[in-house]
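Reviewing the structure listed below.
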Amino acid sequence: MKLIYQQMLAFFAVIITVIVVLGFSFIRTTRTMLYQNSWQQLQQYAASIEKEAIRYNTKTNQVVGFNQQFLNDGTVILRDQHIHFSVYDANKKLVYPSGMGTTMSGTPGGSIYDPKISAKDWKKLKRNKIITQSPHVTFRTRNRDQPVNTPSLRTIDVLVPLFYKNGATKKFVGAISIGSFEQTLQANEQQIEKNLFIALLVSGIAALLLSYILARYSVRRINRLRYATHSVANGDFDIQVDSNHKDEIDDLADDFNGMVNSLRTSNEEIKRQEKRRREFMADAAHEMRTPLTTINGILEGLAYDAIPEEDKGHSIELMQNETKRLIRLVNENLDYEKIRTGQIALNKTNFDGAEVLHNLVEQLTKKAAAADDEFKLTVPEKLPVWADYDRFVQVLFNIMQNAIQFSQANVIEVTGSRTDHATVVAIQDHGIGMKPDQVKNIWERYYKADPSRKNTKYGESGLGLAISHQLVQQHGGSIKVDSVENEGTCFTVTFPDEGFDKPIIDD
């Protein structure tokens with residue numbers, strides 16, 4: 001079943017259930033109200049009869065009987081309203097209507113009003129209590145020889161005691177039984193039910209239309225998400241779903257928009273990484289082709305004795321250097337994956353960082369001189385470091401070598417210092433610097449701030465800084481870059497002390 005029909009059915013069922021429950025409650029309340037009003041009206045008629053029906057002697061202040069003429073006139077007046085009454089004296093003797101009772105017009109088979117008062121009810125009347133009686137048969141046929149199934153009439157009755165008041169004295173003189181046909185109330189009730197049924201029918205049609213409108217509104221919002229999902233499945237990550245931030249569907253739309261933004265970012269990152277991977281493969285192929293060509297040429301020369309004997313040693317040395325270069329390219333990729341996934345275990349120890357910095361400056365002085373650079377080392381006599389010795393050397397070596405690569409005829413400042421719980425090494429060059437977007441991407445693998453530098457003697461893979469960043473994070477430290485284009489770059493590396501290192505490894 002379509003969602004719109006499910007929604008319509010749900011809304012319609014709820015609305016109709018409420019209407020039906022309210023309708024039945026209204027009918028029941030109306031029925032009760034009709035009976036209550038009828039009993040109240042009958043009591044008022046009985047009170048009027050009580051005032052005029054009792055005859056008494058003013059000299060002796062004694063009740064002498066009932067005003068038959070008034071009772072007859074009252075019968076005629078109330079008969080048109082389908083109201084009938086009878087009067088009893090203090091001895092429970094029927095004094096009106098007399099004899100077998102009075103024949104009531106409009107009753108089947110010449111029925112007569114023949115109410116019955118139980119002994120229990122008579123005692124209550126003597127205690128001045130008014131009694132209301134639920135619908136029951138109070139009319140019977142005049143001819144008692146008629147079949148049993150002759151129709152009888154049901155009435156609702158009120159029994160009202162009659163008292164004669166003489167000063168503070170009250171004397172029970174009889175009772176009035178007054179009733180109304182139940183069918184009169186039923187006619188009113190049926191008319192109310194008919195009107196209510198019409199109202200229910202109109203309400204049902206309105207409920208159906210309202211259910212359709214509500215269901216269509218909800219389903220239309222869901223369909224927008226559905227169409228947007230199809231667009232995303234087809235590769236459109238620029239789509240956005242409108243949200244008013246009002247309900248759960250809007251929350252779902254917000255979550256969907258967040259998902260699309262994440263997918264778009266991931267897709268852009270995948271494309272960027274794929275582009276860099278292709279660039280790296282092209283660079284690696286280029287870098288590998290040169291040493292492989294050199295090695296192959298030397299091997300062919302050796303095979304055909306084309307290389308003089310005095311040059312064979314130099315040729316072998318050249319092949320060794322080119323082989324080491326190939327190994328370095330492969331190892332850098334393997335190292336990055338191992339470091340990124342946390343497969344390299346760090347063997348942290350306490351050592352003197354000042355000695356390491358002196359050694360690194362000494363090792364790289366020749367390379368710096370080739371670029372007309374020179375190192376300026378500022379470090380205390382002792383610089384305690386808590387780190388993996390080999391990885392510490394690898395990180396600083398990569399950064400210092402990067403400074404040589406992007407700086408020409410300048411001073412490279414290397415500074416070592418201590419903070420409260422960490423060792424800090426800053427490497428400042430005054431080279432070409434970087435733009436903000438280059439700084440943002442500097443830690444990504446295969447990224448090169450200056451793509452034109454692909455044939456340098458070192459840094460050819462674009463993995464050196466990415467490896468350094470991962471290693472520093474694995475130490476629980478941090479590496480910060482401050483760079484201004486055409487003014488230089490400063491790398492600040494922090495290695496925390498034992499107990500303060502909390503490794504962070506990027507996925």
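In the structure tokens, each chain is lettered A, B, ... as it comes, each chain's residues begin at 1, and ligands are numbered from 1 in order of appearance.
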For Val241 of chain A, list every protein, DNA or RNA residue within 8 Å, evaluated using only C-alpha atoms, and leave out those in the same chain fewer than 5 positions away; present the list as an MDAnalysis selection string. chainID A and resid 224:225 228 253:254 256:257
Hey, what does DSSP flag as strand (DSSP E or B) within segment 131-251 of chain A? Can you give it to me as a VMD selection string? chain A and resid 131 to 137 139 to 140 154 to 166 169 to 181
Let me see the file: selected residues, N, CA, C and O atoms, as a compact mmCIF listing (two decimals), in the first residue's frame.
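File result_4.txt, as written:
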# COMPACT_ATOMS: atom_id res chain seq x y z
N ILE A 131 -40.47 9.88 43.92
CA ILE A 131 -39.91 8.67 43.29
C ILE A 131 -40.02 8.82 41.78
O ILE A 131 -41.10 9.11 41.24
N THR A 132 -38.88 8.65 41.09
CA THR A 132 -38.88 8.62 39.62
C THR A 132 -38.73 7.18 39.17
O THR A 132 -37.91 6.42 39.71
N GLN A 133 -39.52 6.80 38.18
CA GLN A 133 -39.53 5.42 37.71
C GLN A 133 -39.09 5.37 36.25
O GLN A 133 -39.52 6.19 35.43
N SER A 134 -38.21 4.38 35.94
CA SER A 134 -37.74 4.18 34.58
C SER A 134 -38.87 3.64 33.72
O SER A 134 -39.93 3.23 34.25
N PRO A 135 -38.70 3.63 32.39
CA PRO A 135 -39.79 3.17 31.52
C PRO A 135 -40.29 1.78 31.90
O PRO A 135 -39.51 0.84 32.10
N HIS A 136 -41.60 1.67 32.03
CA HIS A 136 -42.22 0.39 32.35
C HIS A 136 -43.67 0.43 31.85
O HIS A 136 -44.18 1.49 31.48
N VAL A 137 -44.35 -0.74 31.83
CA VAL A 137 -45.72 -0.83 31.31
C VAL A 137 -46.70 -0.36 32.38
O VAL A 137 -46.75 -0.93 33.48
N PHE A 139 -49.90 0.89 31.06
CA PHE A 139 -51.18 0.84 30.36
C PHE A 139 -51.51 -0.63 30.08
O PHE A 139 -50.65 -1.41 29.70
N ARG A 140 -52.75 -0.96 30.28
CA ARG A 140 -53.21 -2.30 29.95
C ARG A 140 -54.51 -2.19 29.17
O ARG A 140 -55.15 -1.14 29.15
N ARG A 154 -45.56 1.83 27.24
CA ARG A 154 -44.58 2.07 28.31
C ARG A 154 -44.53 3.56 28.58
O ARG A 154 -44.59 4.38 27.68
N THR A 155 -44.42 3.87 29.86
CA THR A 155 -44.33 5.27 30.28
C THR A 155 -43.21 5.43 31.27
O THR A 155 -42.71 4.46 31.84
N ILE A 156 -42.82 6.71 31.46
CA ILE A 156 -41.93 7.04 32.57
C ILE A 156 -42.78 7.81 33.58
O ILE A 156 -43.60 8.65 33.20
N ASP A 157 -42.65 7.47 34.85
CA ASP A 157 -43.54 8.01 35.88
C ASP A 157 -42.77 8.70 36.98
O ASP A 157 -41.59 8.39 37.24
N VAL A 158 -43.50 9.60 37.64
CA VAL A 158 -43.02 10.24 38.85
C VAL A 158 -44.11 10.12 39.91
O VAL A 158 -45.27 10.45 39.65
N LEU A 159 -43.74 9.64 41.07
CA LEU A 159 -44.67 9.50 42.19
C LEU A 159 -44.39 10.65 43.16
O LEU A 159 -43.28 10.76 43.68
N VAL A 160 -45.43 11.48 43.39
CA VAL A 160 -45.27 12.66 44.24
C VAL A 160 -46.21 12.54 45.43
O VAL A 160 -47.43 12.36 45.23
N PRO A 161 -45.73 12.63 46.65
CA PRO A 161 -46.62 12.55 47.83
C PRO A 161 -47.44 13.84 47.98
O PRO A 161 -47.00 14.93 47.59
N LEU A 162 -48.66 13.70 48.54
CA LEU A 162 -49.53 14.84 48.80
C LEU A 162 -49.62 15.05 50.30
O LEU A 162 -49.95 14.13 51.06
N PHE A 163 -49.33 16.24 50.72
CA PHE A 163 -49.39 16.59 52.14
C PHE A 163 -50.26 17.84 52.31
O PHE A 163 -50.19 18.78 51.50
N TYR A 164 -51.09 17.82 53.40
CA TYR A 164 -51.86 19.00 53.76
C TYR A 164 -51.15 19.70 54.91
O TYR A 164 -50.88 19.07 55.95
N LYS A 165 -50.85 20.95 54.73
CA LYS A 165 -50.11 21.70 55.74
C LYS A 165 -51.08 22.56 56.55
O LYS A 165 -51.87 23.34 56.00
N ASN A 166 -50.99 22.42 57.86
CA ASN A 166 -51.79 23.23 58.79
C ASN A 166 -50.85 23.79 59.84
O ASN A 166 -50.54 23.14 60.85
N THR A 169 -47.93 21.70 61.14
CA THR A 169 -48.30 20.29 61.02
C THR A 169 -48.48 19.93 59.55
O THR A 169 -49.08 20.68 58.78
N LYS A 170 -47.94 18.78 59.15
CA LYS A 170 -48.10 18.25 57.80
C LYS A 170 -48.75 16.88 57.88
O LYS A 170 -48.31 16.03 58.65
N LYS A 171 -49.78 16.71 57.07
CA LYS A 171 -50.52 15.45 57.12
C LYS A 171 -50.52 14.82 55.74
O LYS A 171 -50.84 15.46 54.75
N PHE A 172 -50.14 13.52 55.65
CA PHE A 172 -50.13 12.79 54.39
C PHE A 172 -51.56 12.47 54.00
O PHE A 172 -52.30 11.81 54.74
N VAL A 173 -51.94 12.94 52.80
CA VAL A 173 -53.32 12.75 52.36
C VAL A 173 -53.41 11.91 51.10
O VAL A 173 -54.51 11.65 50.62
N GLY A 174 -52.28 11.53 50.47
CA GLY A 174 -52.33 10.71 49.28
C GLY A 174 -51.10 10.90 48.41
O GLY A 174 -50.06 11.39 48.87
N ALA A 175 -51.24 10.52 47.13
CA ALA A 175 -50.11 10.63 46.21
C ALA A 175 -50.62 10.80 44.80
O ALA A 175 -51.75 10.42 44.47
N ILE A 176 -49.78 11.37 43.97
CA ILE A 176 -50.06 11.53 42.55
C ILE A 176 -49.04 10.73 41.76
O ILE A 176 -47.83 10.83 42.00
N SER A 177 -49.56 9.93 40.83
CA SER A 177 -48.69 9.22 39.89
C SER A 177 -48.91 9.85 38.52
O SER A 177 -50.01 9.75 37.96
N ILE A 178 -47.88 10.49 37.99
CA ILE A 178 -48.00 11.20 36.72
C ILE A 178 -46.94 10.67 35.77
O ILE A 178 -45.78 10.46 36.15
N GLY A 179 -47.34 10.40 34.53
CA GLY A 179 -46.41 9.78 33.59
C GLY A 179 -46.57 10.32 32.18
O GLY A 179 -47.56 10.93 31.83
N SER A 180 -45.54 10.04 31.37
CA SER A 180 -45.51 10.45 29.97
C SER A 180 -45.10 9.26 29.14
O SER A 180 -44.31 8.40 29.58
N PHE A 181 -45.63 9.18 27.89
CA PHE A 181 -45.31 8.04 27.03
C PHE A 181 -43.83 8.04 26.68
O PHE A 181 -43.24 9.08 26.33
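Candidate residues A:Ser315, A:Gln408, A:Thr489, A:Ser483 were compared for distance to Ile427 of chain A, and the nearest is A:Thr489, using only C-alpha atoms.
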What does the distance from atom CA of Tyr212 of chain A to atom CA of Val21 of chain A come to in Å, to one decimal?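 We find that atom CA of Tyr212 of chain A and atom CA of Val21 of chain A lie 22.0 Å from each other.
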Can you pull out every residue within 9 Å of Glu52 of chain A, counting only C-alpha atoms, but drop anything in the same chain fewer than 5 positions away, and send it as a ChimeraX atom specification? /A:66-67,70-71
Keeping all heavy atoms for every residue in the selection just given, could you write it to a file as a PDB file, in the first residue's frame?
ATOM      1  N   PHE A  66     -61.071  15.428  47.043  1.00  0.00           N
ATOM      2  CA  PHE A  66     -60.297  15.987  45.945  1.00  0.00           C
ATOM      3  C   PHE A  66     -61.238  16.662  44.968  1.00  0.00           C
ATOM      4  O   PHE A  66     -62.405  16.258  44.814  1.00  0.00           O
ATOM      5  CB  PHE A  66     -59.513  14.890  45.230  1.00  0.00           C
ATOM      6  CG  PHE A  66     -58.449  14.271  46.087  1.00  0.00           C
ATOM      7  CD1 PHE A  66     -58.740  13.169  46.884  1.00  0.00           C
ATOM      8  CD2 PHE A  66     -57.176  14.810  46.123  1.00  0.00           C
ATOM      9  CE1 PHE A  66     -57.755  12.611  47.665  1.00  0.00           C
ATOM     10  CE2 PHE A  66     -56.192  14.234  46.913  1.00  0.00           C
ATOM     11  CZ  PHE A  66     -56.467  13.145  47.685  1.00  0.00           C
ATOM     12  N   ASN A  67     -60.747  17.667  44.313  1.00  0.00           N
ATOM     13  CA  ASN A  67     -61.517  18.448  43.355  1.00  0.00           C
ATOM     14  C   ASN A  67     -61.575  17.692  42.034  1.00  0.00           C
ATOM     15  O   ASN A  67     -60.671  17.762  41.212  1.00  0.00           O
ATOM     16  CB  ASN A  67     -60.875  19.821  43.153  1.00  0.00           C
ATOM     17  CG  ASN A  67     -61.752  20.755  42.345  1.00  0.00           C
ATOM     18  OD1 ASN A  67     -62.645  20.335  41.619  1.00  0.00           O
ATOM     19  ND2 ASN A  67     -61.478  22.061  42.477  1.00  0.00           N
ATOM     20  N   PHE A  70     -61.485  19.798  38.738  1.00  0.00           N
ATOM     21  CA  PHE A  70     -60.129  20.254  38.382  1.00  0.00           C
ATOM     22  C   PHE A  70     -59.307  19.117  37.796  1.00  0.00           C
ATOM     23  O   PHE A  70     -58.555  19.305  36.833  1.00  0.00           O
ATOM     24  CB  PHE A  70     -59.427  20.815  39.624  1.00  0.00           C
ATOM     25  CG  PHE A  70     -57.999  21.173  39.372  1.00  0.00           C
ATOM     26  CD1 PHE A  70     -57.653  22.346  38.721  1.00  0.00           C
ATOM     27  CD2 PHE A  70     -56.972  20.308  39.766  1.00  0.00           C
ATOM     28  CE1 PHE A  70     -56.323  22.662  38.480  1.00  0.00           C
ATOM     29  CE2 PHE A  70     -55.654  20.614  39.520  1.00  0.00           C
ATOM     30  CZ  PHE A  70     -55.329  21.807  38.868  1.00  0.00           C
ATOM     31  N   LEU A  71     -59.482  17.918  38.392  1.00  0.00           N
ATOM     32  CA  LEU A  71     -58.725  16.764  37.878  1.00  0.00           C
ATOM     33  C   LEU A  71     -59.156  16.420  36.456  1.00  0.00           C
ATOM     34  O   LEU A  71     -58.323  16.067  35.610  1.00  0.00           O
ATOM     35  CB  LEU A  71     -58.916  15.564  38.802  1.00  0.00           C
ATOM     36  CG  LEU A  71     -58.332  15.721  40.222  1.00  0.00           C
ATOM     37  CD1 LEU A  71     -58.662  14.487  41.068  1.00  0.00           C
ATOM     38  CD2 LEU A  71     -56.836  15.942  40.176  1.00  0.00           C
TER      39      LEU A  71
END
Give me the residues within 9 Å of Ser407 of chain A as a JSON list (two decimals) with N, CA and C atoms, in the first residue's frame, counting only C-alpha atoms and dropping any in the same chain fewer than 2 places off.
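This went into out32.json:
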[["chain", "number", "residue", "atom", "x", "y", "z"],
["A", 371, "ALA", "N", 72.81, 24.52, -1.96],
["A", 371, "ALA", "CA", 71.74, 25.48, -2.25],
["A", 371, "ALA", "C", 72.09, 26.86, -1.74],
["A", 372, "ASP", "N", 73.36, 27.06, -1.40],
["A", 372, "ASP", "CA", 73.82, 28.34, -0.85],
["A", 372, "ASP", "C", 73.12, 28.69, 0.46],
["A", 373, "ASP", "N", 72.68, 27.66, 1.19],
["A", 373, "ASP", "CA", 72.06, 27.87, 2.49],
["A", 373, "ASP", "C", 73.07, 27.54, 3.59],
["A", 402, "ASN", "N", 63.41, 19.54, 3.94],
["A", 402, "ASN", "CA", 62.38, 20.32, 3.25],
["A", 402, "ASN", "C", 62.73, 21.81, 3.24],
["A", 403, "ALA", "N", 63.32, 22.30, 4.36],
["A", 403, "ALA", "CA", 63.73, 23.70, 4.43],
["A", 403, "ALA", "C", 64.81, 24.00, 3.41],
["A", 404, "ILE", "N", 65.74, 23.06, 3.22],
["A", 404, "ILE", "CA", 66.80, 23.26, 2.21],
["A", 404, "ILE", "C", 66.19, 23.31, 0.81],
["A", 405, "GLN", "N", 65.21, 22.42, 0.57],
["A", 405, "GLN", "CA", 64.61, 22.31, -0.76],
["A", 405, "GLN", "C", 63.91, 23.60, -1.18],
["A", 409, "ALA", "N", 69.97, 30.36, -0.83],
["A", 409, "ALA", "CA", 70.85, 31.44, -0.36],
["A", 409, "ALA", "C", 70.29, 32.14, 0.86],
["A", 410, "ASN", "N", 69.90, 31.37, 1.84],
["A", 410, "ASN", "CA", 69.33, 31.93, 3.06],
["A", 410, "ASN", "C", 69.85, 31.16, 4.27],
["A", 411, "VAL", "N", 69.50, 31.69, 5.43],
["A", 411, "VAL", "CA", 69.87, 31.05, 6.68],
["A", 411, "VAL", "C", 68.69, 30.22, 7.18],
["A", 412, "ILE", "N", 68.95, 28.98, 7.57],
["A", 412, "ILE", "CA", 67.93, 28.10, 8.15],
["A", 412, "ILE", "C", 68.20, 28.03, 9.65],
["A", 429, "ASP", "N", 62.91, 28.68, 7.95],
["A", 429, "ASP", "CA", 63.66, 29.04, 6.75],
["A", 429, "ASP", "C", 63.13, 30.38, 6.22],
["A", 430, "HIS", "N", 63.84, 30.96, 5.28],
["A", 430, "HIS", "CA", 63.44, 32.24, 4.70],
["A", 430, "HIS", "C", 63.33, 32.10, 3.19],
["A", 431, "GLY", "N", 62.66, 31.01, 2.81],
["A", 431, "GLY", "CA", 62.54, 30.70, 1.39],
["A", 431, "GLY", "C", 61.26, 31.22, 0.76],
["A", 432, "ILE", "N", 60.68, 30.39, -0.12],
["A", 432, "ILE", "CA", 59.53, 30.84, -0.93],
["A", 432, "ILE", "C", 58.23, 30.91, -0.12],
["A", 433, "GLY", "N", 58.16, 30.23, 1.02],
["A", 433, "GLY", "CA", 56.95, 30.26, 1.82],
["A", 433, "GLY", "C", 55.78, 29.56, 1.14],
["A", 488, "GLY", "N", 59.03, 32.91, 3.98],
["A", 488, "GLY", "CA", 59.59, 31.75, 4.65],
["A", 488, "GLY", "C", 58.56, 30.97, 5.44]]
Which of segment 145-196 of chain A fall in alpha helix (DSSP H), as a list of chain:residue names: A:Glu182, A:Gln183, A:Thr184, A:Leu185, A:Gln186, A:Ala187, A:Asn188, A:Glu189, A:Gln190, A:Gln191, A:Ile192, A:Glu193, A:Lys194, A:Asn195, A:Leu196
Atom CA of Asp497 of chain A to atom CA of Val361 of chain A, distance in Å rounded to a single decimal: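 We find that atom CA of Asp497 of chain A and atom CA of Val361 of chain A lie 23.9 Å from each other.
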So which one's closest to Asp501 of chain A, A:Pro436, A:Ala369, A:Glu485, A:Lys348? Using only C-alpha atoms, please. A:Lys348
When distances are computed from only C-alpha atoms, which of A:Asn486, A:Ser417, A:Thr30, A:Thr323 shows the smallest separation from Glu189 of chain A? A:Thr30
I'd like the neighbourhood of Ser262 of chain A as a PyMOL selection string, where a residue qualifies if any of its atoms comes within 12 Å (using only C-alpha atoms), though same-chain residues fewer than 6 positions away should be ignored. chain A and resi 232+237-238+255-256+268-270
Contacts of Leu396 of chain A within 10 Å, only C-alpha atoms, excl. fewer than 4 positions in-chain, as a list of chain:residue names: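 These residues fall inside the cut-off: A:Val356, A:Leu357, A:Leu360, A:Arg391, A:Phe392, A:Met400, A:Gln401, A:Asn402, A:Val414, A:Val425, A:Ala426, A:Ile427, A:Leu465, A:Ser468, A:Phe491, A:Val493.
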Produce a file of the selected residues containing C-alpha atoms, as a PDB file, in the first residue's frame.
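The resulting file, again02.pdb, is reproduced below:
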ATOM      1  CA  VAL A 356      70.886  14.863  17.772  1.00  0.00           C
ATOM      2  CA  LEU A 357      70.407  18.386  16.408  1.00  0.00           C
ATOM      3  CA  LEU A 360      71.683  16.516  11.851  1.00  0.00           C
ATOM      4  CA  ARG A 391      61.745   8.412  14.531  1.00  0.00           C
ATOM      5  CA  PHE A 392      62.811  11.674  16.201  1.00  0.00           C
ATOM      6  CA  MET A 400      65.274  20.256   7.738  1.00  0.00           C
ATOM      7  CA  GLN A 401      65.684  18.714   4.305  1.00  0.00           C
ATOM      8  CA  ASN A 402      62.377  20.324   3.248  1.00  0.00           C
ATOM      9  CA  VAL A 414      67.122  25.524  14.085  1.00  0.00           C
ATOM     10  CA  VAL A 425      62.162  22.215  18.129  1.00  0.00           C
ATOM     11  CA  ALA A 426      61.558  25.073  15.673  1.00  0.00           C
ATOM     12  CA  ILE A 427      62.962  25.097  12.110  1.00  0.00           C
ATOM     13  CA  LEU A 465      56.058  15.722   5.625  1.00  0.00           C
ATOM     14  CA  SER A 468      56.613  13.334   9.842  1.00  0.00           C
ATOM     15  CA  PHE A 491      57.849  24.321  11.532  1.00  0.00           C
ATOM     16  CA  VAL A 493      57.527  20.388  16.578  1.00  0.00           C
TER      17      VAL A 493
END
Residues near Leu292 of chain A, anyone? I mean within 9 Å using only C-alpha atoms, not counting same-chain ones fewer than 3 positions away, as a short mmCIF file (atom, residue, chain, number, x, y, z; two decimals) with all heavy atoms, in the first residue's frame.
data_model
loop_
_atom_site.label_atom_id
_atom_site.label_comp_id
_atom_site.auth_asym_id
_atom_site.auth_seq_id
_atom_site.Cartn_x
_atom_site.Cartn_y
_atom_site.Cartn_z
N GLU A 287 60.77 9.13 -11.72
CA GLU A 287 61.94 8.99 -10.86
C GLU A 287 62.57 7.60 -10.99
O GLU A 287 63.78 7.45 -10.90
CB GLU A 287 61.54 9.26 -9.41
CG GLU A 287 61.07 10.68 -9.12
CD GLU A 287 62.18 11.70 -9.35
OE1 GLU A 287 63.36 11.32 -9.27
OE2 GLU A 287 61.86 12.87 -9.63
N MET A 288 61.70 6.60 -11.16
CA MET A 288 62.24 5.24 -11.29
C MET A 288 62.84 5.00 -12.67
O MET A 288 63.79 4.23 -12.81
CB MET A 288 61.13 4.21 -11.01
CG MET A 288 60.67 4.17 -9.56
SD MET A 288 59.38 2.93 -9.30
CE MET A 288 59.09 3.14 -7.55
N ARG A 289 62.27 5.65 -13.67
CA ARG A 289 62.76 5.41 -15.03
C ARG A 289 64.22 5.85 -15.18
O ARG A 289 65.03 5.17 -15.81
CB ARG A 289 61.89 6.19 -16.03
CG ARG A 289 62.26 5.88 -17.49
CD ARG A 289 61.41 6.68 -18.46
NE ARG A 289 60.00 6.33 -18.34
CZ ARG A 289 59.05 7.14 -17.88
NH1 ARG A 289 59.39 8.36 -17.48
NH2 ARG A 289 57.80 6.75 -17.81
N ILE A 295 70.89 2.24 -14.56
CA ILE A 295 71.37 0.91 -14.17
C ILE A 295 71.43 -0.01 -15.38
O ILE A 295 72.40 -0.77 -15.59
CB ILE A 295 70.47 0.32 -13.08
CG1 ILE A 295 70.60 1.14 -11.79
CG2 ILE A 295 70.82 -1.14 -12.81
CD1 ILE A 295 69.59 0.77 -10.72
N ASN A 296 70.37 0.01 -16.21
CA ASN A 296 70.33 -0.85 -17.38
C ASN A 296 71.48 -0.50 -18.36
O ASN A 296 72.11 -1.40 -18.94
CB ASN A 296 68.98 -0.71 -18.08
CG ASN A 296 68.84 -1.66 -19.25
OD1 ASN A 296 68.84 -2.88 -19.08
ND2 ASN A 296 68.74 -1.10 -20.45
N GLY A 297 71.73 0.80 -18.54
CA GLY A 297 72.81 1.20 -19.45
C GLY A 297 74.17 0.73 -18.95
O GLY A 297 75.00 0.26 -19.74
N MET A 319 75.44 2.74 -9.84
CA MET A 319 74.31 1.80 -9.76
C MET A 319 73.84 1.64 -8.32
O MET A 319 72.63 1.54 -8.05
CB MET A 319 74.71 0.44 -10.35
CG MET A 319 74.76 0.41 -11.87
SD MET A 319 74.85 -1.28 -12.51
CE MET A 319 76.41 -1.82 -11.82
N GLU A 322 71.73 4.69 -7.38
CA GLU A 322 70.41 4.67 -8.02
C GLU A 322 69.52 3.59 -7.41
O GLU A 322 68.30 3.77 -7.25
CB GLU A 322 70.56 4.44 -9.53
CG GLU A 322 71.28 5.55 -10.28
CD GLU A 322 70.55 6.88 -10.17
OE1 GLU A 322 69.30 6.87 -10.06
OE2 GLU A 322 71.20 7.93 -10.17
N THR A 323 70.12 2.46 -7.02
CA THR A 323 69.36 1.40 -6.36
C THR A 323 68.83 1.88 -5.01
O THR A 323 67.67 1.62 -4.63
CB THR A 323 70.22 0.15 -6.18
OG1 THR A 323 70.69 -0.28 -7.45
CG2 THR A 323 69.42 -0.96 -5.53
N LEU A 326 65.81 4.03 -5.49
CA LEU A 326 64.60 3.24 -5.73
C LEU A 326 64.07 2.65 -4.43
O LEU A 326 62.86 2.64 -4.17
CB LEU A 326 64.89 2.13 -6.75
CG LEU A 326 65.14 2.57 -8.19
CD1 LEU A 326 65.58 1.37 -9.01
CD2 LEU A 326 63.88 3.18 -8.78
#
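Residue nearest Gln40 of chain A within the list A:Ala168, A:Asp437, A:Asp80, A:Ile130: A:Ile130 [criterion: smallest interatomic distance, only C-alpha atoms].
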